[in-house]
Amino acid sequence: MRLRAAERADTEMVMGWFNNPRTRSKMPISPIPTSIAAQRELLEHNGGRDYVLFVVEHPKLGPIGLAGLHQIDPHQRRARTVTVIGNDTALGKGYGTASRELVLEFGFGELNLQKIIGGALACNLPAISLLQGRGAVLEGLRQREYFRNNAWHDFVEFSRFNEVDPAPRRDLVTSATLTCRCQPGP
């Protein structure tokens, strides 16, 4: 398994993955199919300041998906991650997990990020399983966040932290939240 920079030449392949009804139904993106112009523009600006996208290549199957980081904030040292396995024959074999680990290595190693956030629709159990990987911290549940297939869906977020940085202090957040709830209102 390897990652390579997504390029303009990948436009139609990536567009096919994102316009696949199975893929679109599980993602928090517009239910309207992506145009070739929008996809081309995205790939032409790959590697800019706020996102980097990679094509996931399998040694035997060839390109099977897209993975990367977006909303990169170098000052706060955080980003959001995305992983899409678009090749139906590659689903359920651990390739999403392997490609996500490579993206995390890139983000923590090359970009010196301290936190990488991933999220998924709560109904997307394979994505939730992938996001709950080793060292993941549940950040929260956003209720009724996305409308898909004539129903509202919750969105779950997890984070991974750079191992050289100290672990997040959950006890402080919980304590502060409880204290605030006990304060009388105006």
# chains A, B, ... in the order shown; residues from 1 in each chain; ligands from 1
>>> residues_around(residues="segment 151-157 of chain A", least_positions_apart="5", cutoff="6 Å", atoms="only C-alpha atoms", output="list in words")
Gly118, Gly119, Ala120, Leu121, Ala122, Glu139, Gly140, Leu141, Arg142, Gln143, Arg144, Glu145 and Tyr146 of chain A
>>> closest_residue(among="A:Ile29, A:Leu91, A:Ala79, A:Ala37", to="Leu61 of chain A", atoms="only C-alpha atoms")
A:Leu91
>>> closest_atom_pairs(of="segment 94-118 of chain A", to="segment 44-58 of chain A", cutoff="9 Å", atoms="only C-alpha atoms", output="CSV")
residue,atom,partner,partner_atom,distance
A:Tyr95,CA,A:His58,CA,8.3
A:Gly96,CA,A:Val56,CA,8.8
A:Ser99,CA,A:Val56,CA,6.6
A:Val103,CA,A:Phe54,CA,8.5
>>> write_last_selection(atoms="N, CA, C and O atoms", output="PDB file, in the first residue's frame")
ATOM      1  N   TYR A  95      -7.836  -1.782   4.027  1.00  0.00           N
ATOM      2  CA  TYR A  95      -7.063  -0.810   3.259  1.00  0.00           C
ATOM      3  C   TYR A  95      -7.342   0.624   3.710  1.00  0.00           C
ATOM      4  O   TYR A  95      -6.456   1.475   3.669  1.00  0.00           O
ATOM      5  N   GLY A  96      -8.556   0.894   4.146  1.00  0.00           N
ATOM      6  CA  GLY A  96      -8.869   2.222   4.680  1.00  0.00           C
ATOM      7  C   GLY A  96      -8.064   2.505   5.932  1.00  0.00           C
ATOM      8  O   GLY A  96      -7.496   3.591   6.096  1.00  0.00           O
ATOM      9  N   SER A  99      -4.355   3.020   4.959  1.00  0.00           N
ATOM     10  CA  SER A  99      -4.107   4.314   4.319  1.00  0.00           C
ATOM     11  C   SER A  99      -4.252   5.452   5.327  1.00  0.00           C
ATOM     12  O   SER A  99      -3.489   6.419   5.299  1.00  0.00           O
ATOM     13  N   VAL A 103      -1.527   8.423   6.361  1.00  0.00           N
ATOM     14  CA  VAL A 103      -1.847   9.856   6.399  1.00  0.00           C
ATOM     15  C   VAL A 103      -1.507  10.434   7.774  1.00  0.00           C
ATOM     16  O   VAL A 103      -0.952  11.531   7.874  1.00  0.00           O
TER      17      VAL A 103
END
>>> closest_residue(among="A:Phe18, A:Ile117, A:Thr89, A:Glu7", to="Leu138 of chain A", atoms="only C-alpha atoms")
A:Ile117
>>> closest_atom_pairs(of="segment 57-94 of chain A", to="segment 125-128 of chain A", cutoff="10 Å", atoms="only C-alpha atoms", output="JSON lines")
{"residue": "A:Thr83", "atom": "CA", "partner": "A:Ala127", "partner_atom": "CA", "distance": 8.6}
{"residue": "A:Val84", "atom": "CA", "partner": "A:Ala127", "partner_atom": "CA", "distance": 9.2}
{"residue": "A:Leu91", "atom": "CA", "partner": "A:Pro126", "partner_atom": "CA", "distance": 9.3}
{"residue": "A:Gly92", "atom": "CA", "partner": "A:Pro126", "partner_atom": "CA", "distance": 7.8}
{"residue": "A:Gly94", "atom": "CA", "partner": "A:Pro126", "partner_atom": "CA", "distance": 9.9}
